[in-house]
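Content type compact mmCIF, C-alpha atoms (C1' of nucleotides), from the file work_7.txt:
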```txt
# COMPACT_ATOMS: atom_id res chain seq x y z
CA MET A 123 -35.93 32.21 52.69
CA LYS A 124 -39.08 33.06 50.83
CA ALA A 125 -40.12 35.39 53.59
CA GLU A 126 -36.86 37.29 53.25
CA ALA A 127 -37.37 37.70 49.53
CA GLU A 128 -40.90 38.93 50.14
CA GLU A 129 -39.62 41.43 52.64
CA LYS A 130 -36.95 42.65 50.22
CA PHE A 131 -39.52 43.02 47.45
CA ARG A 132 -41.94 44.83 49.75
CA GLU A 133 -39.25 47.33 50.72
CA PHE A 134 -38.27 47.80 47.11
CA LEU A 135 -41.83 48.49 46.07
CA LYS A 136 -42.39 50.90 48.91
CA ASN A 137 -39.22 52.87 48.19
CA GLY A 138 -40.04 53.13 44.51
CA LYS A 139 -43.60 54.31 45.19
CA ASN A 140 -44.89 51.14 43.61
CA ARG A 141 -48.03 49.67 45.02
CA ILE A 142 -47.99 46.49 47.02
CA THR A 143 -50.47 44.17 45.38
CA PRO A 144 -51.29 40.51 45.92
CA GLU A 145 -50.65 39.82 42.21
CA ARG A 146 -47.04 40.95 42.50
CA PHE A 147 -46.42 38.59 45.37
CA GLU A 148 -48.03 35.76 43.47
CA VAL A 149 -45.51 36.36 40.70
CA LEU A 150 -42.64 36.56 43.18
CA ASN A 151 -43.60 33.20 44.64
CA ALA A 152 -43.96 31.55 41.28
CA ALA A 153 -40.54 32.89 40.27
CA LEU A 154 -38.88 31.56 43.42
CA ASP A 155 -40.54 28.17 42.93
CA TYR A 156 -39.57 27.87 39.30
CA GLN A 157 -36.79 25.33 38.80
CA GLY A 158 -34.14 26.54 36.37
CA HIS A 159 -34.32 29.31 33.80
CA PHE A 160 -37.61 30.70 32.61
CA GLY A 161 -39.02 33.20 30.20
CA ALA A 162 -41.69 35.62 31.41
CA ASP A 163 -44.22 33.69 29.40
CA ASP A 164 -43.12 30.37 30.86
CA LEU A 165 -43.82 31.83 34.26
CA TYR A 166 -47.22 33.07 33.15
CA ILE A 167 -48.10 29.61 31.81
CA ALA A 168 -46.86 27.90 34.98
CA MET A 169 -49.04 30.23 37.02
CA LYS A 170 -52.04 29.56 34.80
CA LYS A 171 -51.55 25.84 35.44
CA MET A 172 -51.69 26.54 39.16
CA ASN A 173 -55.02 28.28 38.56
CA SER A 174 -53.64 31.72 39.19
CA SER A 175 -55.66 34.47 37.58
CA VAL A 176 -52.79 36.93 37.25
CA SER A 177 -52.64 38.33 33.73
CA ARG A 178 -49.82 38.12 31.26
CA ALA A 179 -49.30 41.89 31.39
CA THR A 180 -48.86 41.77 35.14
CA VAL A 181 -46.40 38.89 34.97
CA TYR A 182 -44.25 40.75 32.45
CA ASN A 183 -44.43 43.92 34.49
CA THR A 184 -43.62 42.20 37.78
CA VAL A 185 -40.76 40.17 36.41
CA GLU A 186 -39.11 43.43 35.44
CA LEU A 187 -39.57 44.78 38.95
CA LEU A 188 -38.10 41.61 40.41
CA GLU A 189 -35.09 42.04 38.19
CA GLN A 190 -34.60 45.65 39.32
CA CYS A 191 -34.93 44.42 42.88
CA GLN A 192 -32.23 41.82 42.16
CA ILE A 193 -34.32 38.91 43.28
CA ILE A 194 -34.11 37.42 39.81
CA SER A 195 -31.55 38.08 37.11
CA LYS A 196 -31.94 38.31 33.36
CA ARG A 197 -29.98 36.00 31.10
CA ASN A 198 -29.43 35.94 27.37
CA PHE A 199 -28.99 32.57 25.82
CA GLY A 200 -29.09 33.85 22.28
CA ASP A 201 -32.58 32.59 21.53
CA ASN A 202 -34.30 35.94 21.31
CA MET A 203 -36.16 35.78 24.53
CA ASN A 204 -35.54 37.10 27.98
CA ARG A 205 -34.68 34.36 30.43
CA TYR A 206 -34.67 34.80 34.14
CA GLU A 207 -33.48 32.83 37.10
CA SER A 208 -33.85 33.37 40.80
CA CYS A 209 -30.64 34.79 42.22
CA PHE A 210 -31.86 35.52 45.71
CA GLY A 211 -29.19 34.39 48.14
CA LYS A 212 -27.15 32.80 45.38
CA MET A 213 -23.63 33.45 44.22
CA ASN A 214 -22.94 35.09 40.87
CA HIS A 215 -22.31 32.53 38.19
CA GLU A 216 -21.93 32.21 34.44
CA HIS A 217 -23.18 29.62 31.99
CA LEU A 218 -21.85 27.07 29.56
CA VAL A 219 -24.69 26.42 27.12
CA CYS A 220 -24.63 23.27 25.00
CA THR A 221 -26.07 24.24 21.63
CA THR A 222 -26.79 20.61 20.79
CA CYS A 223 -28.69 19.26 23.79
CA GLY A 224 -29.46 22.52 25.58
CA LYS A 225 -27.76 21.51 28.81
CA ILE A 226 -26.56 24.41 30.94
CA ILE A 227 -23.49 24.10 33.16
CA GLU A 228 -22.91 26.83 35.72
CA PHE A 229 -19.51 28.06 36.77
CA SER A 230 -18.09 31.01 38.60
CA THR A 231 -14.74 32.67 38.67
CA PRO A 232 -13.65 35.63 40.74
CA ARG A 233 -11.18 36.62 38.04
CA LEU A 234 -14.07 37.70 35.87
CA GLU A 235 -15.21 40.20 38.49
CA ALA A 236 -11.73 41.67 38.50
CA ILE A 237 -11.74 42.12 34.73
CA ILE A 238 -15.15 43.77 34.81
CA GLU A 239 -14.13 46.10 37.58
CA GLU A 240 -11.04 47.16 35.69
CA VAL A 241 -12.72 47.65 32.34
CA CYS A 242 -15.45 49.78 33.88
CA ARG A 243 -12.95 51.91 35.72
CA GLN A 244 -10.89 52.45 32.58
CA ASN A 245 -13.95 53.55 30.62
CA GLY A 246 -15.72 55.55 33.30
CA PHE A 247 -18.57 53.09 33.03
CA GLU A 248 -21.05 52.34 35.77
CA MET A 249 -22.15 48.73 35.46
CA THR A 250 -25.64 47.61 36.33
CA ASN A 251 -25.34 44.03 35.08
CA TYR A 252 -23.55 41.85 32.57
CA THR A 253 -24.00 38.66 30.61
CA PHE A 254 -21.39 36.04 29.97
CA ASN A 255 -22.27 32.83 28.20
CA ILE A 256 -20.09 30.29 26.51
CA PHE A 257 -21.78 28.31 23.75
CA GLY A 258 -20.57 25.02 22.39
CA LYS A 259 -20.82 21.29 22.72
CA CYS A 260 -20.86 19.44 26.01
CA SER A 261 -18.95 16.25 26.76
CA ASP A 262 -22.02 14.06 27.20
CA LYS A 263 -21.65 10.96 25.03
CA ASN A 264 -25.34 10.77 24.23
CA CYS A 265 -25.64 14.50 23.80
CA SER A 266 -28.31 14.97 21.14
CA LYS A 267 -30.91 17.37 19.82
CA LYS A 268 -33.73 18.36 22.10
CA ASP A 269 -34.87 21.57 23.70
CA GLU A 270 -34.02 23.11 27.02
CA MET B 270 -10.10 42.44 1.89
CA LYS B 271 -13.55 41.93 0.45
CA ALA B 272 -12.16 39.51 -2.08
CA GLU B 273 -10.68 37.42 0.71
CA ALA B 274 -13.99 37.27 2.52
CA GLU B 275 -15.72 36.26 -0.69
CA GLU B 276 -13.19 33.51 -1.21
CA LYS B 277 -13.64 32.26 2.34
CA PHE B 278 -17.41 32.24 1.94
CA ARG B 279 -17.18 30.48 -1.39
CA GLU B 280 -15.02 27.73 0.15
CA PHE B 281 -17.38 27.42 3.09
CA LEU B 282 -20.39 27.04 0.83
CA LYS B 283 -18.66 24.51 -1.35
CA ASN B 284 -17.52 22.37 1.59
CA GLY B 285 -20.98 22.40 3.14
CA LYS B 286 -22.64 21.42 -0.15
CA ASN B 287 -24.41 24.76 -0.16
CA ARG B 288 -25.03 26.38 -3.49
CA ILE B 289 -23.10 29.38 -4.62
CA THR B 290 -25.67 31.97 -5.58
CA PRO B 291 -25.38 35.67 -6.50
CA GLU B 292 -27.90 36.54 -3.76
CA ARG B 293 -25.63 35.14 -1.06
CA PHE B 294 -22.76 37.26 -2.24
CA GLU B 295 -24.98 40.31 -2.34
CA VAL B 296 -25.76 39.71 1.33
CA LEU B 297 -22.08 39.15 2.12
CA ASN B 298 -21.18 42.48 0.55
CA ALA B 299 -23.94 44.36 2.31
CA ALA B 300 -22.85 42.85 5.63
CA LEU B 301 -19.22 43.87 5.09
CA ASP B 302 -20.30 47.38 4.12
CA TYR B 303 -22.60 47.85 7.08
CA GLN B 304 -21.11 50.20 9.66
CA GLY B 305 -21.58 48.99 13.22
CA HIS B 306 -23.99 46.39 14.54
CA PHE B 307 -27.02 45.31 12.59
CA GLY B 308 -30.03 43.05 12.86
CA ALA B 309 -30.85 40.75 9.97
CA ASP B 310 -33.80 42.97 9.17
CA ASP B 311 -31.66 46.12 9.22
CA LEU B 312 -29.50 44.50 6.62
CA TYR B 313 -32.52 43.57 4.54
CA ILE B 314 -33.79 47.15 4.69
CA ALA B 315 -30.38 48.59 3.82
CA MET B 316 -30.24 46.28 0.82
CA LYS B 317 -33.74 47.28 -0.24
CA LYS B 318 -32.61 50.92 -0.17
CA MET B 319 -29.76 50.00 -2.51
CA ASN B 320 -32.38 48.54 -4.85
CA SER B 321 -31.38 44.99 -4.18
CA SER B 322 -34.12 42.49 -4.90
CA VAL B 323 -32.91 39.87 -2.45
CA SER B 324 -35.73 38.68 -0.24
CA ARG B 325 -36.03 38.83 3.50
CA ALA B 326 -35.95 35.04 3.76
CA THR B 327 -32.69 34.89 1.87
CA VAL B 328 -31.10 37.59 3.99
CA TYR B 329 -32.00 35.76 7.18
CA ASN B 330 -30.76 32.49 5.76
CA THR B 331 -27.49 33.94 4.48
CA VAL B 332 -26.70 35.85 7.63
CA GLU B 333 -26.78 32.54 9.46
CA LEU B 334 -24.37 31.01 6.97
CA LEU B 335 -22.05 33.99 7.34
CA GLU B 336 -22.06 33.48 11.06
CA GLN B 337 -21.19 29.79 10.73
CA CYS B 338 -18.46 30.82 8.35
CA GLN B 339 -17.18 33.25 10.99
CA ILE B 340 -17.27 36.25 8.68
CA ILE B 341 -19.78 37.94 10.96
CA SER B 342 -20.48 37.25 14.61
CA LYS B 343 -23.73 37.26 16.52
CA ARG B 344 -24.19 39.57 19.48
CA ASN B 345 -26.86 39.76 22.14
CA PHE B 346 -27.53 43.17 23.55
CA GLY B 347 -30.54 42.05 25.52
CA ASP B 348 -33.09 43.65 23.24
CA ASN B 349 -34.56 40.45 21.90
CA MET B 350 -33.09 40.58 18.48
CA ASN B 351 -30.06 39.04 16.88
CA ARG B 352 -27.35 41.58 16.17
CA TYR B 353 -24.43 40.92 13.94
CA GLU B 354 -21.17 42.61 13.17
CA SER B 355 -18.50 41.88 10.64
CA CYS B 356 -15.55 40.18 12.33
CA PHE B 357 -13.57 39.31 9.24
CA GLY B 358 -9.94 40.15 9.91
CA LYS B 359 -10.79 41.80 13.22
CA MET B 360 -9.65 41.02 16.71
CA ASN B 361 -12.05 39.52 19.26
CA HIS B 362 -13.62 42.14 21.43
CA GLU B 363 -16.33 42.61 24.02
CA HIS B 364 -18.90 45.34 24.56
CA LEU B 365 -19.86 47.88 27.15
CA VAL B 366 -23.48 48.78 26.38
CA CYS B 367 -24.94 52.00 27.79
CA THR B 368 -28.54 51.23 28.66
CA THR B 369 -29.43 54.92 28.67
CA CYS B 370 -28.10 56.27 25.38
CA GLY B 371 -27.34 53.00 23.61
CA LYS B 372 -23.67 53.79 23.05
CA ILE B 373 -21.43 50.78 22.62
CA ILE B 374 -17.80 50.82 23.73
CA GLU B 375 -15.59 47.98 22.59
CA PHE B 376 -12.77 46.52 24.62
CA SER B 377 -10.65 43.43 24.57
CA THR B 378 -8.68 41.59 27.14
CA PRO B 379 -6.57 38.48 26.68
CA ARG B 380 -7.28 37.48 30.27
CA LEU B 381 -10.83 36.64 29.26
CA GLU B 382 -9.58 34.15 26.67
CA ALA B 383 -7.56 32.47 29.39
CA ILE B 384 -10.58 32.12 31.64
CA ILE B 385 -12.67 30.69 28.83
CA GLU B 386 -9.99 28.22 27.88
CA GLU B 387 -9.69 27.03 31.45
CA VAL B 388 -13.40 26.72 32.13
CA CYS B 389 -13.94 24.73 28.94
CA ARG B 390 -11.10 22.39 29.75
CA GLN B 391 -12.38 21.82 33.28
CA ASN B 392 -15.85 20.96 32.00
CA GLY B 393 -14.90 19.01 28.89
CA PHE B 394 -16.68 21.63 26.87
CA GLU B 395 -15.96 22.44 23.26
CA MET B 396 -16.64 26.13 22.69
CA THR B 397 -17.99 27.45 19.42
CA ASN B 398 -18.57 31.03 20.54
CA TYR B 399 -19.36 33.15 23.53
CA THR B 400 -21.01 36.44 24.46
CA PHE B 401 -19.81 38.90 27.02
CA ASN B 402 -21.57 42.22 27.46
CA ILE B 403 -21.43 44.68 30.29
CA PHE B 404 -24.53 46.83 30.67
CA GLY B 405 -24.68 50.10 32.56
CA LYS B 406 -24.36 53.83 32.24
CA CYS B 407 -21.63 55.56 30.27
CA SER B 408 -19.68 58.60 31.44
CA ASP B 409 -21.03 60.95 28.78
CA LYS B 410 -22.35 64.09 30.47
CA ASN B 411 -25.21 64.52 28.03
CA CYS B 412 -25.97 60.82 27.94
CA SER B 413 -29.72 60.60 27.39
CA LYS B 414 -32.48 58.42 26.04
CA LYS B 415 -32.39 57.55 22.38
CA ASP B 416 -31.94 54.39 20.38
CA GLU B 417 -28.84 52.80 18.99
C1' DA C 145 -32.64 16.23 -14.11
C1' DT C 146 -32.37 16.95 -9.62
C1' DT C 147 -32.22 19.35 -5.38
C1' DG C 148 -31.58 23.27 -3.13
C1' DC C 149 -32.52 28.27 -3.18
C1' DT C 150 -35.44 32.12 -3.88
C1' DG C 151 -39.34 35.42 -3.33
C1' DC C 152 -43.52 36.22 -1.46
C1' DA C 153 -46.91 36.35 1.95
C1' DA C 154 -48.68 34.52 5.89
C1' DA C 155 -47.95 32.76 10.38
C1' DA C 156 -45.48 32.33 14.56
C1' DC C 157 -43.36 33.94 18.55
C1' DG C 158 -42.30 36.64 22.65
C1' DT C 159 -43.40 41.07 24.08
C1' DT C 160 -45.78 45.59 24.51
C1' DT C 161 -49.69 48.53 24.40
C1' DG C 162 -54.46 50.73 24.89
C1' DC C 163 -58.17 50.94 27.46
C1' DA C 164 -61.82 50.41 30.86
C1' DC C 165 -62.23 48.85 35.40
C1' DC C 166 -60.45 48.21 39.94
C1' DT C 167 -57.82 48.92 44.30
C1' DA C 168 -53.94 50.33 47.39
C1' DT C 169 -52.82 54.42 49.16
C1' DA D 135 -60.22 60.73 45.92
C1' DT D 136 -56.74 59.53 42.96
C1' DA D 137 -52.86 57.70 41.01
C1' DG D 138 -51.33 53.48 39.76
C1' DG D 139 -52.21 48.49 38.75
C1' DT D 140 -54.89 44.98 36.57
C1' DG D 141 -57.01 41.95 32.88
C1' DC D 142 -58.01 41.45 28.35
C1' DA D 143 -57.25 41.50 23.60
C1' DA D 144 -55.23 43.55 19.95
C1' DA D 145 -50.90 45.28 18.00
C1' DC D 146 -46.07 45.09 17.55
C1' DG D 147 -41.41 43.81 15.60
C1' DT D 148 -38.44 40.12 14.59
C1' DT D 149 -38.04 35.73 12.85
C1' DT D 150 -39.75 31.46 10.67
C1' DT D 151 -42.45 28.87 7.50
C1' DG D 152 -45.06 26.98 3.33
C1' DC D 153 -45.13 26.84 -1.21
C1' DA D 154 -44.63 27.47 -6.17
C1' DG D 155 -41.21 28.65 -9.38
C1' DC D 156 -36.31 29.06 -10.50
C1' DA D 157 -31.41 28.09 -11.06
C1' DA D 158 -26.85 25.90 -9.58
C1' DT D 159 -25.07 21.66 -9.88
```

Represent the structure contained in this file as structure tokens.
Amino acid sequence: MKAEAEEKFREFLKNGKNRITPERFEVLNAALDYQGHFGADDLYIAMKKMNSSVSRATVYNTVELLEQCQIISKRNFGDNMNRYESCFGKMNHEHLVCTTCGKIIEFSTPRLEAIIEEVCRQNGFEMTNYTFNIFGKCSDKNCSKKDE
Amino acid sequence: MKAEAEEKFREFLKNGKNRITPERFEVLNAALDYQGHFGADDLYIAMKKMNSSVSRATVYNTVELLEQCQIISKRNFGDNMNRYESCFGKMNHEHLVCTTCGKIIEFSTPRLEAIIEEVCRQNGFEMTNYTFNIFGKCSDKNCSKKDE
DNA sequence: ATTGCTGCAAAACGTTTGCACCTAT
DNA sequence: ATAGGTGCAAACGTTTTGCAGCAAT
């Protein structure tokens, strides 16, 4: 699983004339290990805690490469920071975001793909990615303020 | 048109025990006048240019109230800043965002509403708002780098 | 009279950049 | 050898905050 992702990333780097460095693979591993959604800085901090010496600049840089390589995907939860999540080997899915307790429910629907395909065709638009989030209040009885 | 928005805002403020101040209506007017999408700071700068003396803090504060009041809506175009656009008296619509030239194409589809309604019902979720953006490359032949 | 709002400036926050050194090719 | 990557710290742009004074209720 991890080995496949590494292989994919290695190929991607090679094809793009990007150098293959140990730091980049450290970031890849940390990203795959991270549970849930993370900001680039969260990842940097997590790596620091594991005594990694990879710099913030490199984490930010690598996370962008991983996104291009489609090993992780970028999400927008409306809080002015880039969030990522590993999407390697996973199905496309969208998010219900509870604005009270921060809970995130995932869902997927093939009908959305159809809409996207049609809209792009109608507008001569070539999609690279999209974001779809529904914000609101979840059904949890003790749903209350706290962060992610 | 503007008068209606003012009335709606006034009611909203009153019901929420928020004070009715001239500054807030200055911001409302500037937001309604603004062509296209704007960040809170863009609005502040535009108001400065019109010799308004409303402060940055007040603009940020008021823009949030206008969003709650559903006179403007918040958009996320993945560039780490809150964008707004007047939605008073307008139909819901989504965005195709060209990541090369920054062009924004609007579209709307009732089928999306149906999906949202269904997903929320299935998950016992009470929606307040949602974001749906498709990123990619537009069909413009001379589409090239520049900002919004 | 009492809160809440305002303006200002400073701080916070995630992110990007400049630069000297290093290393994969 | 040489481009490209790295680490560090400083800069950046947007947003938030603290606080003293002001104004809507």

For stretch 158-160 of chain A, please output as a ChimeraX atom specification all residues within 6 Å (counting all atoms listed in the file; exclusion window: fewer than 3 positions along the same chain).
/A:164,205-207

Could you give me chain A least-squares fitted onto chain B (all C-alpha atoms, paired in order), as a tab-separated table (two decimals) with C-alpha atoms, in the frame of the given file?
```
chain	number	residue	atom	x	y	z
A	123	MET	CA	-10.20	42.70	1.83
A	124	LYS	CA	-13.63	42.13	0.42
A	125	ALA	CA	-12.23	39.75	-2.13
A	126	GLU	CA	-10.68	37.66	0.63
A	127	ALA	CA	-13.98	37.45	2.46
A	128	GLU	CA	-15.70	36.42	-0.76
A	129	GLU	CA	-13.13	33.74	-1.31
A	130	LYS	CA	-13.54	32.46	2.25
A	131	PHE	CA	-17.32	32.37	1.86
A	132	ARG	CA	-17.07	30.62	-1.50
A	133	GLU	CA	-14.87	27.92	0.00
A	134	PHE	CA	-17.19	27.54	2.95
A	135	LEU	CA	-20.20	27.13	0.72
A	136	LYS	CA	-18.45	24.64	-1.50
A	137	ASN	CA	-17.27	22.50	1.42
A	138	GLY	CA	-20.71	22.46	2.97
A	139	LYS	CA	-22.39	21.48	-0.30
A	140	ASN	CA	-24.19	24.79	-0.30
A	141	ARG	CA	-24.85	26.39	-3.62
A	142	ILE	CA	-23.00	29.47	-4.72
A	143	THR	CA	-25.62	32.01	-5.65
A	144	PRO	CA	-25.42	35.69	-6.54
A	145	GLU	CA	-27.94	36.50	-3.77
A	146	ARG	CA	-25.62	35.13	-1.10
A	147	PHE	CA	-22.79	37.32	-2.28
A	148	GLU	CA	-25.06	40.33	-2.34
A	149	VAL	CA	-25.80	39.69	1.32
A	150	LEU	CA	-22.12	39.20	2.11
A	151	ASN	CA	-21.29	42.55	0.55
A	152	ALA	CA	-24.06	44.36	2.32
A	153	ALA	CA	-22.91	42.85	5.63
A	154	LEU	CA	-19.31	43.94	5.09
A	155	ASP	CA	-20.45	47.44	4.14
A	156	TYR	CA	-22.73	47.84	7.11
A	157	GLN	CA	-21.28	50.22	9.69
A	158	GLY	CA	-21.71	48.95	13.24
A	159	HIS	CA	-24.07	46.31	14.58
A	160	PHE	CA	-27.09	45.18	12.64
A	161	GLY	CA	-30.04	42.89	12.90
A	162	ALA	CA	-30.86	40.59	9.98
A	163	ASP	CA	-33.84	42.76	9.23
A	164	ASP	CA	-31.77	45.94	9.30
A	165	LEU	CA	-29.59	44.38	6.66
A	166	TYR	CA	-32.60	43.41	4.59
A	167	ILE	CA	-33.95	46.97	4.78
A	168	ALA	CA	-30.55	48.46	3.90
A	169	MET	CA	-30.40	46.19	0.87
A	170	LYS	CA	-33.92	47.14	-0.16
A	171	LYS	CA	-32.85	50.79	-0.07
A	172	MET	CA	-30.02	49.94	-2.44
A	173	ASN	CA	-32.62	48.44	-4.78
A	174	SER	CA	-31.54	44.90	-4.14
A	175	SER	CA	-34.24	42.36	-4.85
A	176	VAL	CA	-32.96	39.74	-2.42
A	177	SER	CA	-35.78	38.48	-0.21
A	178	ARG	CA	-36.04	38.62	3.53
A	179	ALA	CA	-35.90	34.82	3.77
A	180	THR	CA	-32.64	34.75	1.87
A	181	VAL	CA	-31.09	37.47	4.00
A	182	TYR	CA	-31.94	35.59	7.19
A	183	ASN	CA	-30.66	32.35	5.74
A	184	THR	CA	-27.42	33.87	4.44
A	185	VAL	CA	-26.65	35.78	7.60
A	186	GLU	CA	-26.67	32.46	9.42
A	187	LEU	CA	-24.25	30.99	6.91
A	188	LEU	CA	-21.97	34.00	7.28
A	189	GLU	CA	-21.97	33.47	11.00
A	190	GLN	CA	-21.04	29.79	10.62
A	191	CYS	CA	-18.31	30.89	8.25
A	192	GLN	CA	-17.07	33.34	10.90
A	193	ILE	CA	-17.22	36.32	8.63
A	194	ILE	CA	-19.75	37.95	10.92
A	195	SER	CA	-20.41	37.24	14.57
A	196	LYS	CA	-23.65	37.20	16.52
A	197	ARG	CA	-24.11	39.48	19.50
A	198	ASN	CA	-26.74	39.67	22.19
A	199	PHE	CA	-27.47	43.07	23.56
A	200	GLY	CA	-30.44	41.95	25.58
A	201	ASP	CA	-33.04	43.46	23.28
A	202	ASN	CA	-34.49	40.24	21.96
A	203	MET	CA	-33.03	40.38	18.54
A	204	ASN	CA	-30.01	38.87	16.92
A	205	ARG	CA	-27.34	41.44	16.20
A	206	TYR	CA	-24.41	40.84	13.96
A	207	GLU	CA	-21.20	42.60	13.17
A	208	SER	CA	-18.51	41.92	10.63
A	209	CYS	CA	-15.56	40.24	12.30
A	210	PHE	CA	-13.56	39.44	9.21
A	211	GLY	CA	-9.94	40.29	9.90
A	212	LYS	CA	-10.80	41.87	13.23
A	213	MET	CA	-9.66	41.05	16.72
A	214	ASN	CA	-12.03	39.51	19.25
A	215	HIS	CA	-13.60	42.14	21.43
A	216	GLU	CA	-16.34	42.60	24.00
A	217	HIS	CA	-18.85	45.37	24.54
A	218	LEU	CA	-19.80	47.93	27.13
A	219	VAL	CA	-23.40	48.87	26.35
A	220	CYS	CA	-24.83	52.10	27.76
A	221	THR	CA	-28.45	51.37	28.62
A	222	THR	CA	-29.28	55.07	28.64
A	223	CYS	CA	-27.93	56.41	25.35
A	224	GLY	CA	-27.21	53.13	23.57
A	225	LYS	CA	-23.54	53.88	23.01
A	226	ILE	CA	-21.33	50.82	22.61
A	227	ILE	CA	-17.70	50.84	23.73
A	228	GLU	CA	-15.51	47.97	22.58
A	229	PHE	CA	-12.73	46.48	24.63
A	230	SER	CA	-10.63	43.37	24.58
A	231	THR	CA	-8.69	41.50	27.17
A	232	PRO	CA	-6.60	38.39	26.72
A	233	ARG	CA	-7.34	37.36	30.29
A	234	LEU	CA	-10.89	36.56	29.27
A	235	GLU	CA	-9.67	34.03	26.72
A	236	ALA	CA	-7.68	32.34	29.45
A	237	ILE	CA	-10.72	32.06	31.71
A	238	ILE	CA	-12.82	30.63	28.90
A	239	GLU	CA	-10.17	28.12	27.99
A	240	GLU	CA	-9.90	26.95	31.56
A	241	VAL	CA	-13.62	26.71	32.23
A	242	CYS	CA	-14.18	24.69	29.07
A	243	ARG	CA	-11.37	22.33	29.91
A	244	GLN	CA	-12.68	21.80	33.43
A	245	ASN	CA	-16.16	20.98	32.14
A	246	GLY	CA	-15.23	18.98	29.07
A	247	PHE	CA	-16.97	21.63	27.02
A	248	GLU	CA	-16.22	22.42	23.41
A	249	MET	CA	-16.87	26.10	22.80
A	250	THR	CA	-18.19	27.40	19.52
A	251	ASN	CA	-18.74	31.00	20.61
A	252	TYR	CA	-19.51	33.17	23.60
A	253	THR	CA	-21.10	36.47	24.50
A	254	PHE	CA	-19.86	38.94	27.03
A	255	ASN	CA	-21.56	42.28	27.48
A	256	ILE	CA	-21.41	44.74	30.30
A	257	PHE	CA	-24.48	46.95	30.66
A	258	GLY	CA	-24.60	50.21	32.53
A	259	LYS	CA	-24.21	53.93	32.22
A	260	CYS	CA	-21.48	55.63	30.25
A	261	SER	CA	-19.50	58.66	31.40
A	262	ASP	CA	-20.83	61.02	28.74
A	263	LYS	CA	-22.11	64.18	30.42
A	264	ASN	CA	-24.95	64.64	27.96
A	265	CYS	CA	-25.75	60.96	27.89
A	266	SER	CA	-29.50	60.78	27.35
A	267	LYS	CA	-32.29	58.61	26.02
A	268	LYS	CA	-32.24	57.70	22.37
A	269	ASP	CA	-31.88	54.50	20.42
A	270	GLU	CA	-28.84	52.77	19.05
```

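Counting all atoms listed in the file, every residue of chain C that comes within 8 Å of chain B is listed here: DG148, DC149, DT150 and DG151 of chain C.
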
Interface list for chain D, partner chain B, 8 Å threshold, only C-alpha atoms (C1' of nucleotides), as a list in words
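My answer is DT148, DA158 and DT159 of chain D.
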
Suppose we keep C-alpha atoms (C1' of nucleotides); can you now write the selection as a compact mmCIF listing (two decimals), in the frame of the given file?
```
# COMPACT_ATOMS: atom_id res chain seq x y z
C1' DT D 148 -38.44 40.12 14.59
C1' DA D 158 -26.85 25.90 -9.58
C1' DT D 159 -25.07 21.66 -9.88
```

Taking all atoms listed in the file into account, which of A:Lys263, A:Pro232, A:Asn198, A:Glu189 comes nearest chain B?
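Among the listed residues, the smallest separation from chain B belongs to A:Asn198.
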
Please find the residues of chain A near chain B - the criterion being any atom within 8 Å, counting all atoms listed in the file - and write them as a PyMOL selection string.
chain A and resi 198+200+202-204+218+229+233-234+237-238+241+245-261

State, in Å with one decimal place, the distance from atom CA of B:Val296 to atom CA of B:Leu312.
8.1 Å

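Remark: for C:DC163, the closest of the candidate residues D:DA157, D:DA135, D:DT150, D:DT140 is D:DT140 (distances computed over only C-alpha atoms (C1' of nucleotides)).
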
Could you list, as a PDB file with C-alpha atoms (C1' of nucleotides), in the frame of the given file, every residue within 12 Å of C:DA155, counting only C-alpha atoms (C1' of nucleotides) and ignoring same-chain residues fewer than 6 positions away?
```pdb
ATOM      1  C1'  DT D 149     -38.040  35.730  12.850  1.00  0.00           C
ATOM      2  C1'  DT D 150     -39.750  31.460  10.670  1.00  0.00           C
ATOM      3  C1'  DT D 151     -42.450  28.870   7.500  1.00  0.00           C
ATOM      4  C1'  DG D 152     -45.060  26.980   3.330  1.00  0.00           C
TER       5       DG D 152
END
```

Find the residues around B:Asn298 up to 10 Å (all atoms listed in the file counted), leave out those fewer than 3 positions away in its own chain, and share them as a short mmCIF file (atom, residue, chain, number, x, y, z; two decimals) with C-alpha atoms, keeping the file's coordinate frame.
```cif
data_model
loop_
_atom_site.label_atom_id
_atom_site.label_comp_id
_atom_site.auth_asym_id
_atom_site.auth_seq_id
_atom_site.Cartn_x
_atom_site.Cartn_y
_atom_site.Cartn_z
CA LYS B 271 -13.55 41.93 0.45
CA ALA B 272 -12.16 39.51 -2.08
CA ALA B 274 -13.99 37.27 2.52
CA GLU B 275 -15.72 36.26 -0.69
CA GLU B 292 -27.90 36.54 -3.76
CA ARG B 293 -25.63 35.14 -1.06
CA PHE B 294 -22.76 37.26 -2.24
CA GLU B 295 -24.98 40.31 -2.34
CA LEU B 301 -19.22 43.87 5.09
CA ASP B 302 -20.30 47.38 4.12
CA TYR B 303 -22.60 47.85 7.08
CA MET B 316 -30.24 46.28 0.82
#
```
